[in-house]
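The next block is input_1.csv, given as CSV, C-alpha atoms and all ligand atoms.
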```
chain,number,residue,atom,x,y,z
D,29,MET,CA,-109.1,-196.9,-58.9
D,30,SER,CA,-108.4,-200.2,-60.7
D,31,ALA,CA,-110.1,-203.4,-59.6
D,32,PRO,CA,-108.0,-205.7,-57.5
D,33,THR,CA,-107.2,-209.3,-58.5
D,34,LEU,CA,-109.2,-211.9,-56.6
D,35,ASP,CA,-106.0,-213.3,-55.2
D,36,ALA,CA,-105.0,-210.0,-53.6
D,37,LEU,CA,-108.4,-209.8,-51.9
D,38,VAL,CA,-108.4,-213.5,-50.8
D,39,SER,CA,-105.0,-212.8,-49.2
D,40,LEU,CA,-106.1,-209.7,-47.4
D,41,CYS,CA,-109.2,-211.4,-46.1
D,42,LYS,CA,-107.2,-214.1,-44.5
D,43,ARG,CA,-104.4,-211.9,-43.2
D,44,ARG,CA,-106.8,-209.4,-41.6
D,45,GLY,CA,-109.4,-211.8,-40.3
D,46,PHE,CA,-112.3,-211.2,-42.7
D,47,ILE,CA,-112.6,-214.6,-44.4
D,48,PHE,CA,-110.7,-217.9,-43.7
D,49,PRO,CA,-110.6,-221.1,-45.8
D,50,GLY,CA,-113.1,-223.6,-44.2
D,51,SER,CA,-111.6,-226.4,-42.1
D,52,GLU,CA,-108.2,-225.2,-43.0
D,53,ILE,CA,-106.1,-227.3,-40.5
D,54,TYR,CA,-107.6,-230.5,-42.2
D,55,GLY,CA,-106.6,-229.4,-45.6
D,56,GLY,CA,-109.9,-227.5,-46.1
D,57,LEU,CA,-113.3,-228.6,-47.6
D,58,ALA,CA,-113.6,-227.4,-51.2
D,59,ASN,CA,-115.2,-224.0,-51.5
D,60,THR,CA,-116.2,-223.5,-47.9
D,61,TRP,CA,-115.3,-220.3,-46.1
D,62,ASP,CA,-115.4,-219.1,-42.5
D,63,TYR,CA,-116.1,-215.5,-41.6
D,64,GLY,CA,-113.5,-214.2,-39.2
D,65,PRO,CA,-113.9,-211.5,-36.6
D,66,LEU,CA,-113.9,-208.6,-39.1
D,67,GLY,CA,-115.8,-210.5,-41.7
D,68,ILE,CA,-118.7,-211.2,-39.3
D,69,GLU,CA,-118.8,-207.6,-38.2
D,70,LEU,CA,-119.0,-206.4,-41.8
D,71,LYS,CA,-121.6,-209.0,-42.7
D,72,ASN,CA,-123.7,-208.3,-39.7
D,73,ARG,CA,-123.6,-204.6,-40.5
D,74,VAL,CA,-124.8,-205.2,-44.1
D,75,GLN,CA,-127.6,-207.4,-42.8
D,76,HIS,CA,-128.6,-204.9,-40.2
D,77,GLU,CA,-128.6,-201.9,-42.6
D,78,TRP,CA,-130.7,-204.0,-45.0
D,79,TRP,CA,-133.2,-204.9,-42.3
D,80,LYS,CA,-133.4,-201.4,-41.1
D,81,ARG,CA,-134.0,-200.0,-44.6
D,82,PHE,CA,-136.3,-202.6,-46.0
D,83,VAL,CA,-138.1,-203.8,-42.9
D,84,SER,CA,-137.9,-201.6,-39.7
D,85,GLN,CA,-138.4,-198.3,-41.5
D,86,ARG,CA,-141.3,-199.4,-43.7
D,87,ARG,CA,-144.9,-199.7,-42.7
D,88,ASP,CA,-145.6,-202.1,-45.5
D,89,MET,CA,-142.9,-204.7,-44.5
D,90,VAL,CA,-142.7,-207.3,-41.8
D,91,GLY,CA,-140.0,-209.9,-41.0
D,92,LEU,CA,-140.0,-213.7,-40.6
D,93,GLU,CA,-137.7,-216.5,-39.7
D,94,SER,CA,-138.8,-219.8,-41.0
D,95,GLY,CA,-137.0,-223.2,-40.6
D,96,ILE,CA,-134.2,-224.5,-42.8
D,97,LEU,CA,-135.9,-227.9,-42.7
D,98,MET,CA,-139.4,-228.0,-44.1
D,99,ASN,CA,-141.9,-230.6,-45.1
D,100,PRO,CA,-140.6,-232.1,-48.4
D,101,LYS,CA,-144.0,-231.4,-50.0
D,102,VAL,CA,-143.1,-227.7,-50.0
D,103,TRP,CA,-140.4,-228.5,-52.5
D,104,GLU,CA,-142.6,-230.6,-54.6
D,105,ALA,CA,-145.2,-227.8,-54.8
D,106,SER,CA,-142.6,-225.1,-55.5
D,107,GLY,CA,-141.2,-227.1,-58.5
D,108,HIS,CA,-137.8,-227.6,-56.9
D,109,VAL,CA,-138.0,-231.4,-56.8
D,110,SER,CA,-138.7,-231.6,-60.6
D,111,ASN,CA,-137.1,-228.5,-62.0
D,112,PHE,CA,-134.3,-227.3,-59.8
D,113,GLY,CA,-131.3,-228.7,-61.6
D,114,ASP,CA,-128.3,-228.2,-63.9
D,115,PRO,CA,-127.3,-230.1,-67.0
D,116,LEU,CA,-124.5,-232.4,-66.0
D,117,VAL,CA,-122.1,-234.1,-68.4
D,118,ASP,CA,-119.7,-236.9,-67.7
D,119,CYS,CA,-116.3,-237.1,-69.5
D,120,LYS,CA,-116.3,-240.7,-70.6
D,121,LYS,CA,-112.5,-240.7,-70.7
D,122,CYS,CA,-111.6,-239.4,-67.2
D,123,LYS,CA,-115.0,-239.8,-65.5
D,124,GLN,CA,-115.0,-236.2,-64.3
D,125,ARG,CA,-118.4,-234.3,-64.2
D,126,PHE,CA,-119.0,-230.8,-65.4
D,127,ARG,CA,-121.9,-228.4,-66.0
D,128,GLY,CA,-122.5,-228.6,-69.7
D,129,ASP,CA,-124.0,-225.1,-69.9
D,130,LYS,CA,-121.0,-223.6,-68.2
D,131,LEU,CA,-118.6,-225.3,-70.6
D,132,LEU,CA,-120.4,-223.7,-73.5
D,133,GLU,CA,-120.7,-220.2,-72.1
D,134,GLU,CA,-117.4,-219.0,-73.6
D,135,LYS,CA,-118.4,-220.2,-77.1
D,136,ILE,CA,-122.1,-219.3,-77.2
D,137,GLY,CA,-122.4,-216.7,-74.5
D,138,VAL,CA,-124.0,-216.7,-71.0
D,139,GLU,CA,-127.5,-216.1,-72.3
D,140,GLY,CA,-127.2,-218.7,-75.1
D,141,ALA,CA,-126.0,-221.3,-72.6
D,142,ALA,CA,-128.8,-220.5,-70.2
D,143,VAL,CA,-131.5,-221.4,-72.7
D,144,LEU,CA,-130.1,-224.8,-73.9
D,145,THR,CA,-132.4,-227.7,-73.4
D,146,LEU,CA,-131.0,-230.9,-71.7
D,147,GLU,CA,-131.0,-232.7,-75.1
D,148,GLN,CA,-129.0,-230.0,-76.8
D,149,VAL,CA,-126.1,-229.9,-74.4
D,150,GLN,CA,-124.1,-233.0,-75.5
D,151,PRO,CA,-124.4,-232.5,-79.3
D,152,MET,CA,-123.5,-228.8,-78.8
D,153,LEU,CA,-120.4,-229.7,-76.8
D,154,LEU,CA,-119.3,-232.1,-79.6
D,155,ALA,CA,-120.2,-229.6,-82.4
D,156,GLU,CA,-118.3,-226.8,-80.7
D,157,LYS,CA,-115.4,-229.2,-80.0
D,158,ILE,CA,-115.3,-228.3,-76.3
D,159,LYS,CA,-112.6,-230.4,-74.7
D,160,CYS,CA,-112.7,-231.8,-71.2
D,161,PRO,CA,-111.0,-229.2,-68.9
D,162,SER,CA,-109.5,-232.1,-66.9
D,163,CYS,CA,-108.1,-234.5,-69.5
D,164,GLY,CA,-108.5,-232.7,-72.8
D,165,GLY,CA,-110.6,-235.4,-74.2
D,166,LEU,CA,-113.6,-235.0,-76.5
D,167,ASP,CA,-115.9,-237.8,-75.4
D,168,TRP,CA,-119.0,-236.5,-73.7
D,169,ALA,CA,-121.8,-238.6,-72.3
D,170,ILE,CA,-125.5,-237.5,-72.8
D,171,ALA,CA,-126.3,-234.7,-70.3
D,172,LYS,CA,-128.3,-235.6,-67.3
D,173,LYS,CA,-130.3,-233.3,-64.9
D,174,PHE,CA,-128.7,-233.0,-61.5
D,175,ASN,CA,-130.9,-231.7,-58.7
D,176,LEU,CA,-129.2,-229.0,-56.7
D,177,MET,CA,-131.0,-229.6,-53.4
D,178,PHE,CA,-129.1,-231.2,-50.5
D,179,ARG,CA,-130.9,-234.2,-49.2
D,180,THR,CA,-130.7,-235.5,-45.7
D,181,GLN,CA,-132.7,-237.6,-43.3
D,182,GLN,CA,-134.8,-236.6,-40.4
D,183,GLY,CA,-135.0,-238.8,-37.3
D,184,VAL,CA,-133.0,-241.7,-36.2
D,185,ILE,CA,-133.8,-244.3,-38.9
D,186,GLU,CA,-132.1,-243.8,-42.2
D,187,GLY,CA,-134.0,-244.5,-45.4
D,188,GLU,CA,-137.4,-245.0,-43.8
D,189,GLY,CA,-139.2,-242.4,-46.0
D,190,ALA,CA,-137.9,-239.5,-43.8
D,191,ASP,CA,-135.9,-237.9,-46.6
D,192,ILE,CA,-135.9,-234.1,-46.3
D,193,TYR,CA,-134.0,-231.3,-48.0
D,194,LEU,CA,-132.0,-228.4,-46.7
D,195,ARG,CA,-133.8,-225.3,-48.1
D,196,PRO,CA,-132.4,-224.0,-51.4
D,197,GLU,CA,-134.0,-220.6,-51.0
D,198,THR,CA,-135.7,-218.6,-48.2
D,199,ALA,CA,-138.7,-217.7,-50.3
D,200,GLN,CA,-140.9,-220.8,-49.7
D,201,GLY,CA,-140.9,-220.2,-45.9
D,202,MET,CA,-142.6,-216.9,-46.6
D,203,PHE,CA,-145.1,-218.3,-49.0
D,204,VAL,CA,-146.3,-221.1,-46.7
D,205,ASN,CA,-146.6,-218.6,-43.9
D,206,PHE,CA,-148.4,-216.0,-46.1
D,207,ARG,CA,-151.8,-216.4,-44.3
D,208,ASN,CA,-150.3,-216.6,-40.8
D,209,VAL,CA,-148.4,-213.4,-41.3
D,210,GLN,CA,-151.2,-211.5,-43.1
D,211,GLN,CA,-153.9,-212.5,-40.5
D,212,SER,CA,-151.8,-212.1,-37.4
D,213,MET,CA,-150.5,-208.7,-38.5
D,214,ARG,CA,-153.8,-207.6,-40.2
D,215,LYS,CA,-151.8,-206.5,-43.3
D,216,ARG,CA,-153.4,-205.0,-46.3
D,217,LEU,CA,-152.0,-205.3,-49.8
D,218,PRO,CA,-149.5,-204.3,-50.9
D,219,PHE,CA,-147.2,-205.6,-48.2
D,220,GLY,CA,-144.1,-207.6,-48.0
D,221,ILE,CA,-142.4,-210.3,-45.9
D,222,ALA,CA,-138.6,-210.3,-45.5
D,223,GLN,CA,-136.3,-213.0,-44.3
D,224,THR,CA,-132.6,-213.5,-44.2
D,225,GLY,CA,-130.8,-216.8,-43.7
D,226,THR,CA,-128.7,-219.6,-44.9
D,227,VAL,CA,-129.6,-221.7,-47.9
D,228,PHE,CA,-127.9,-224.7,-49.5
D,229,ARG,CA,-127.3,-225.6,-53.1
D,230,ASN,CA,-125.2,-228.5,-54.2
D,231,GLU,CA,-123.5,-226.6,-57.0
D,232,ILE,CA,-121.6,-228.7,-59.5
D,233,THR,CA,-118.9,-226.1,-60.1
D,234,PRO,CA,-118.6,-223.7,-57.2
D,235,GLY,CA,-115.7,-221.2,-57.2
D,236,ASN,CA,-114.4,-217.7,-57.4
D,237,PHE,CA,-113.9,-217.3,-53.6
D,238,THR,CA,-117.3,-216.7,-51.9
D,239,PHE,CA,-119.1,-215.9,-55.2
D,240,ARG,CA,-120.5,-219.4,-55.7
D,241,THR,CA,-120.5,-221.7,-52.7
D,242,ARG,CA,-122.8,-224.5,-51.6
D,243,GLU,CA,-123.9,-222.8,-48.5
D,244,PHE,CA,-124.7,-219.1,-48.6
D,245,GLN,CA,-126.9,-216.4,-47.2
D,246,GLN,CA,-129.8,-214.6,-48.7
D,247,MET,CA,-131.8,-211.5,-47.8
D,248,GLU,CA,-135.1,-212.0,-49.5
D,249,ILE,CA,-138.4,-210.2,-49.8
D,250,GLU,CA,-141.8,-211.5,-51.1
D,251,TYR,CA,-143.9,-208.5,-51.8
D,252,PHE,CA,-147.6,-209.3,-52.2
D,253,VAL,CA,-149.7,-207.1,-54.5
D,254,ALA,CA,-153.1,-207.1,-56.1
D,255,PRO,CA,-153.0,-208.7,-59.6
D,256,GLY,CA,-152.6,-206.1,-62.3
D,257,THR,CA,-150.7,-203.6,-60.1
D,258,GLU,CA,-147.3,-205.3,-60.3
D,259,GLY,CA,-145.8,-203.2,-63.1
D,260,PRO,CA,-145.1,-199.9,-61.3
D,261,ILE,CA,-144.2,-201.8,-58.0
D,262,PHE,CA,-141.6,-203.8,-59.9
D,263,GLU,CA,-140.1,-200.6,-61.2
D,264,GLN,CA,-140.0,-199.1,-57.7
D,265,TRP,CA,-138.2,-202.1,-56.4
D,266,LYS,CA,-135.7,-201.9,-59.2
D,267,ASP,CA,-135.0,-198.3,-58.2
D,268,ASP,CA,-134.8,-199.1,-54.5
D,269,MET,CA,-132.4,-202.0,-55.1
D,270,TRP,CA,-130.2,-199.8,-57.4
D,271,GLN,CA,-130.1,-197.1,-54.7
D,272,TRP,CA,-129.1,-199.6,-52.1
D,273,CYS,CA,-126.1,-200.7,-54.2
D,274,LEU,CA,-124.9,-197.1,-54.4
D,275,ASP,CA,-125.5,-196.5,-50.7
D,276,ILE,CA,-123.3,-199.5,-49.6
D,277,GLY,CA,-120.5,-198.1,-51.8
D,278,LEU,CA,-120.7,-199.9,-55.1
D,279,ALA,CA,-119.6,-197.8,-58.1
D,280,PRO,CA,-122.4,-197.4,-60.8
D,281,GLU,CA,-119.8,-198.1,-63.6
D,282,ARG,CA,-119.4,-201.6,-62.2
D,283,LEU,CA,-123.1,-202.2,-62.0
D,284,ARG,CA,-125.6,-203.0,-64.7
D,285,ILE,CA,-129.1,-204.3,-65.1
D,286,ARG,CA,-129.8,-207.3,-67.2
D,287,GLU,CA,-133.3,-208.3,-68.3
D,288,HIS,CA,-133.8,-212.0,-68.6
D,289,THR,CA,-134.9,-213.2,-72.1
D,290,LYS,CA,-138.2,-215.2,-72.4
D,291,GLU,CA,-136.4,-218.5,-72.8
D,292,GLU,CA,-134.2,-217.8,-69.8
D,293,LEU,CA,-137.1,-217.1,-67.3
D,294,SER,CA,-137.6,-219.6,-64.4
D,295,HIS,CA,-140.6,-221.8,-64.5
D,296,TYR,CA,-142.4,-219.4,-62.1
D,297,SER,CA,-141.5,-216.0,-63.5
D,298,SER,CA,-143.1,-213.6,-66.0
D,299,ARG,CA,-140.3,-211.0,-65.7
D,300,THR,CA,-136.9,-211.2,-64.1
D,301,ILE,CA,-134.0,-208.8,-64.0
D,302,ASP,CA,-130.5,-209.3,-62.5
D,303,ILE,CA,-128.4,-206.5,-61.1
D,304,GLU,CA,-124.9,-207.6,-62.1
D,305,TYR,CA,-121.6,-206.5,-60.7
D,306,GLN,CA,-118.3,-206.5,-62.6
D,307,TYR,CA,-116.2,-209.0,-60.7
D,308,PRO,CA,-112.5,-209.4,-61.5
D,309,TRP,CA,-113.5,-212.4,-63.8
D,310,GLY,CA,-116.3,-210.5,-65.5
D,311,TRP,CA,-120.0,-209.6,-65.1
D,312,GLY,CA,-122.0,-211.8,-62.7
D,313,GLU,CA,-125.2,-211.8,-60.8
D,314,LEU,CA,-125.4,-209.8,-57.6
D,315,TYR,CA,-129.1,-209.5,-57.0
D,316,GLY,CA,-132.3,-210.6,-58.7
D,317,LEU,CA,-135.8,-209.1,-59.0
D,318,ALA,CA,-138.6,-211.4,-60.3
D,319,ASN,CA,-142.3,-211.2,-60.9
D,320,ARG,CA,-143.4,-214.6,-59.6
D,321,SER,CA,-147.1,-214.0,-60.4
D,322,ASP,CA,-149.4,-216.1,-58.2
D,323,PHE,CA,-147.4,-219.3,-59.0
D,324,ASP,CA,-146.2,-220.2,-55.5
D,325,LEU,CA,-149.4,-219.4,-53.6
D,326,SER,CA,-151.6,-221.2,-56.1
D,327,GLN,CA,-149.2,-224.2,-56.1
D,328,HIS,CA,-149.3,-224.4,-52.3
D,329,GLN,CA,-153.1,-224.0,-52.3
D,330,LYS,CA,-153.4,-226.9,-54.7
D,331,CYS,CA,-150.9,-229.2,-53.0
D,332,SER,CA,-151.8,-228.5,-49.4
D,333,GLY,CA,-155.5,-228.2,-49.9
D,334,GLN,CA,-155.4,-225.1,-47.7
D,335,GLU,CA,-156.8,-221.8,-48.8
D,336,MET,CA,-154.1,-219.3,-49.5
D,337,THR,CA,-156.3,-216.4,-50.7
D,338,TYR,CA,-156.4,-212.8,-49.5
D,339,THR,CA,-159.8,-211.2,-48.7
D,340,ASP,CA,-160.3,-207.6,-49.5
D,341,PRO,CA,-161.0,-206.0,-46.1
D,342,ASP,CA,-163.4,-203.5,-47.8
D,343,ASP,CA,-165.3,-206.1,-49.7
D,344,PRO,CA,-165.4,-209.6,-48.0
D,345,MET,CA,-166.8,-211.0,-51.2
D,346,LYS,CA,-163.5,-210.3,-53.1
D,347,LYS,CA,-161.1,-213.1,-52.5
D,348,PHE,CA,-158.1,-213.7,-54.7
D,349,LEU,CA,-154.5,-214.9,-54.8
D,350,PRO,CA,-152.1,-212.0,-54.6
D,351,TYR,CA,-149.2,-211.6,-57.1
D,352,VAL,CA,-145.7,-211.5,-55.9
D,353,ILE,CA,-142.7,-209.3,-56.7
D,354,GLU,CA,-139.5,-210.9,-55.3
D,355,PRO,CA,-136.4,-208.8,-54.7
D,356,THR,CA,-133.5,-211.2,-53.7
D,357,PHE,CA,-130.2,-210.0,-52.3
D,358,GLY,CA,-127.3,-212.3,-51.8
D,359,LEU,CA,-125.8,-211.4,-48.5
D,360,THR,CA,-122.5,-213.3,-49.1
D,361,ARG,CA,-122.2,-211.8,-52.5
D,362,THR,CA,-122.9,-208.3,-51.2
D,363,VAL,CA,-119.9,-208.7,-48.8
D,364,LEU,CA,-117.7,-209.9,-51.6
D,365,ALA,CA,-118.7,-207.0,-53.9
D,366,ILE,CA,-118.2,-204.5,-51.1
D,367,LEU,CA,-114.7,-205.8,-50.4
D,368,LEU,CA,-113.7,-205.9,-54.0
D,369,GLU,CA,-115.0,-202.3,-54.5
D,370,ALA,CA,-113.2,-201.0,-51.4
D,371,TYR,CA,-109.8,-202.6,-52.0
D,372,GLU,CA,-106.9,-200.5,-53.2
D,373,ASP,CA,-103.2,-201.0,-53.3
D,374,GLU,CA,-102.1,-197.4,-53.0
D,375,LYS,CA,-98.7,-196.4,-54.2
D,376,LEU,CA,-97.0,-194.0,-51.8
D,377,LYS,CA,-93.4,-193.8,-52.9
D,378,GLU,CA,-91.1,-195.7,-55.3
D,379,ASP,CA,-91.1,-198.9,-53.4
D,380,ASP,CA,-93.8,-198.4,-50.8
D,381,THR,CA,-97.4,-199.4,-51.2
D,382,ARG,CA,-100.1,-199.7,-48.7
D,383,THR,CA,-103.4,-201.6,-48.9
D,384,VAL,CA,-106.4,-199.5,-48.1
D,385,LEU,CA,-110.0,-200.6,-47.8
D,386,HIS,CA,-112.3,-197.7,-48.6
D,387,LEU,CA,-115.3,-199.0,-46.8
D,388,LYS,CA,-118.5,-196.8,-46.3
D,389,PRO,CA,-119.0,-196.1,-42.6
D,390,ILE,CA,-122.3,-197.9,-42.6
D,391,VAL,CA,-120.7,-201.2,-43.3
D,392,ALA,CA,-117.2,-200.8,-41.9
D,393,PRO,CA,-116.3,-203.3,-39.2
D,394,TYR,CA,-115.0,-200.6,-36.9
D,395,ASP,CA,-116.1,-197.0,-36.6
D,396,LEU,CA,-113.0,-195.8,-34.9
D,397,ALA,CA,-109.8,-197.0,-33.4
D,398,ILE,CA,-108.1,-196.1,-30.1
D,399,LEU,CA,-104.3,-196.4,-30.4
D,400,PRO,CA,-102.4,-195.2,-27.3
D,401,LEU,CA,-99.1,-193.8,-28.5
D,402,SER,CA,-97.1,-196.0,-26.1
D,403,LYS,CA,-97.6,-198.7,-23.5
D,404,LYS,CA,-97.0,-196.3,-20.6
D,405,GLU,CA,-99.4,-197.1,-17.9
D,406,HIS,CA,-101.1,-193.7,-17.5
D,407,LEU,CA,-101.7,-193.5,-21.3
D,408,ILE,CA,-103.3,-197.0,-21.4
D,409,ALA,CA,-105.5,-196.2,-18.4
D,410,LYS,CA,-106.7,-193.0,-20.0
D,411,ALA,CA,-107.3,-194.8,-23.3
D,412,GLU,CA,-109.3,-197.5,-21.6
D,413,GLU,CA,-111.4,-194.9,-19.9
D,414,LEU,CA,-112.1,-193.2,-23.2
D,415,TYR,CA,-112.9,-196.6,-24.8
D,416,LYS,CA,-115.5,-197.5,-22.2
D,417,LYS,CA,-117.0,-194.0,-22.3
D,418,ILE,CA,-117.5,-194.0,-26.1
D,419,VAL,CA,-118.7,-197.6,-26.3
D,420,GLN,CA,-121.3,-197.2,-23.6
D,421,SER,CA,-122.6,-193.8,-24.8
D,422,SER,CA,-122.6,-194.3,-28.5
D,423,GLY,CA,-122.7,-198.0,-29.4
D,424,LEU,CA,-119.9,-197.4,-31.9
D,425,HIS,CA,-117.7,-200.3,-32.9
D,426,ILE,CA,-114.2,-199.5,-31.6
D,427,ASP,CA,-110.9,-201.2,-32.2
D,428,PHE,CA,-108.4,-201.0,-29.3
D,429,ASP,CA,-104.8,-201.7,-30.3
D,430,ILE,CA,-101.7,-201.3,-28.2
D,431,THR,CA,-99.4,-203.8,-30.0
D,432,GLY,CA,-96.6,-202.6,-32.2
D,433,ARG,CA,-95.2,-199.3,-33.5
D,434,ILE,CA,-97.8,-196.5,-33.9
D,435,GLY,CA,-97.0,-196.1,-37.6
D,436,LYS,CA,-97.5,-199.7,-38.2
D,437,ARG,CA,-100.8,-199.6,-36.3
D,438,TYR,CA,-102.1,-196.8,-38.5
D,439,ARG,CA,-101.3,-198.9,-41.6
D,440,LEU,CA,-103.1,-201.8,-40.1
D,441,GLN,CA,-106.2,-199.6,-39.6
D,442,ASP,CA,-106.0,-198.5,-43.3
D,443,GLU,CA,-106.4,-202.1,-44.3
D,444,ILE,CA,-109.7,-202.5,-42.7
H,501,ZN,ZN,-111.9,-235.8,-69.2
```
Would you put the structure from the file into structure tokens?
Amino acid sequence: MSAPTLDALVSLCKRRGFIFPGSEIYGGLANTWDYGPLGIELKNRVQHEWWKRFVSQRRDMVGLESGILMNPKVWEASGHVSNFGDPLVDCKKCKQRFRGDKLLEEKIGVEGAAVLTLEQVQPMLLAEKIKCPSCGGLDWAIAKKFNLMFRTQQGVIEGEGADIYLRPETAQGMFVNFRNVQQSMRKRLPFGIAQTGTVFRNEITPGNFTFRTREFQQMEIEYFVAPGTEGPIFEQWKDDMWQWCLDIGLAPERLRIREHTKEELSHYSSRTIDIEYQYPWGWGELYGLANRSDFDLSQHQKCSGQEMTYTDPDDPMKKFLPYVIEPTFGLTRTVLAILLEAYEDEKLKEDDTRTVLHLKPIVAPYDLAILPLSKKEHLIAKAEELYKKIVQSSGLHIDFDITGRIGKRYRLQDEI
């Protein structure tokens, strides 16, 4: 099965109610997307499966839902205020702005571009003769750091020191609640907290459909362990994440694991891997797994003045800051990968093709369809009776369609 083009998928998603362009009747808002009736079913199922597997069915996991708005000091402690940014370059000729590292990726590779320092970006663009994608000029200003957090104000008075941020990740909500969760649930190490939810990043160059958007959803776990035990636990999570990819229907030949180089590692991490998927435009990140050490807990302990330690229940004298292994799953990206993987334009005869989505039953928007052969009253009544019976007894998701020729309705079902 060959991979579909992105355009073919975007078109199916709109035609069949998976994903619509955001604010479409007003000409849209760049790179925003709305999930339609089938898209939300698919997304909910992915999220539900994930929660079931990684939270409900594990004794060592609990869930949390923290706020999108948090005290701005959280983001100072986490390093996001000072470190969470991309190198931005202005074209002096046409005044357009671009991400310097992205412009260089083709010439020096993704890994090479990721390790550039801010000072290296502009000279490198000139040395490699990278032209402005907008006007073709070669007149780059010095690169500046651009913070990716969305800023807004809390309360009724603007600009009165009430600046806050929309969260750029779900992780910090779990760190600041570490003691609340551990003590209320009387959890022993190792244990994890999971959270799913929307996060916001003011990306300079979003694109590729729902791959990079400024608002997206994460399914994230912070797994707390005793320092020194993180090695095998990291490996176990790597295996569990890989198995999840296979179970939701992604083909192993379109998946790979990429280990981050030392220079590439985030400020908090001692080891990070990405699980990458082969999208129509090339390999790109799907999931990440990081060893965050005790960076976050120790930062929050320092900045808040509150104790963030864990006390060994067998030895109350033993108090320490746990280490953290962090598996991060992009929910929106998972939905995109599943759709790409499932899409097929199947050739039937000379001039006849049909579009088929080969979705795994655990994520498919509908489990079955009831399609009465005609609109005759007794047939419809019987079908409705059957529909009610199955829905009430099984909880299955059922489509009920009486519009159009039966052959056409079969085809419509193949597409979803
Ligand atoms: Zn330009």
Rounded to one decimal place, report the CA of Glu369 in chain D-CA of Asp268 in chain D distance in Å.
->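 Separation between CA of Glu369 in chain D and CA of Asp268 in chain D: 20.1 Å.
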Residue with smallest distance to ligand ZN 501 (chain H) - pool D:Arg439, D:Lys123, D:Arg87, D:Lys173, counting only C-alpha atoms and all ligand atoms =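 Of all the options, D:Lys123 lies closest to ligand ZN 501 (chain H).
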Counting all atoms listed in the file, the residue of D:Val253, D:Val90, D:Leu359, D:Ile301 that sits nearest Trp270 in chain D |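 For Trp270 in chain D, the nearest of the given residues is D:Ile301.
Between CA of Pro151 in chain D and CA of Gly164 in chain D the separation is 17.2 Å.
With distances restricted to only C-alpha atoms, D:Cys331 is the closest residue to Gly107 in chain D from D:Ala392, D:Val419, D:Leu57, D:Cys331.
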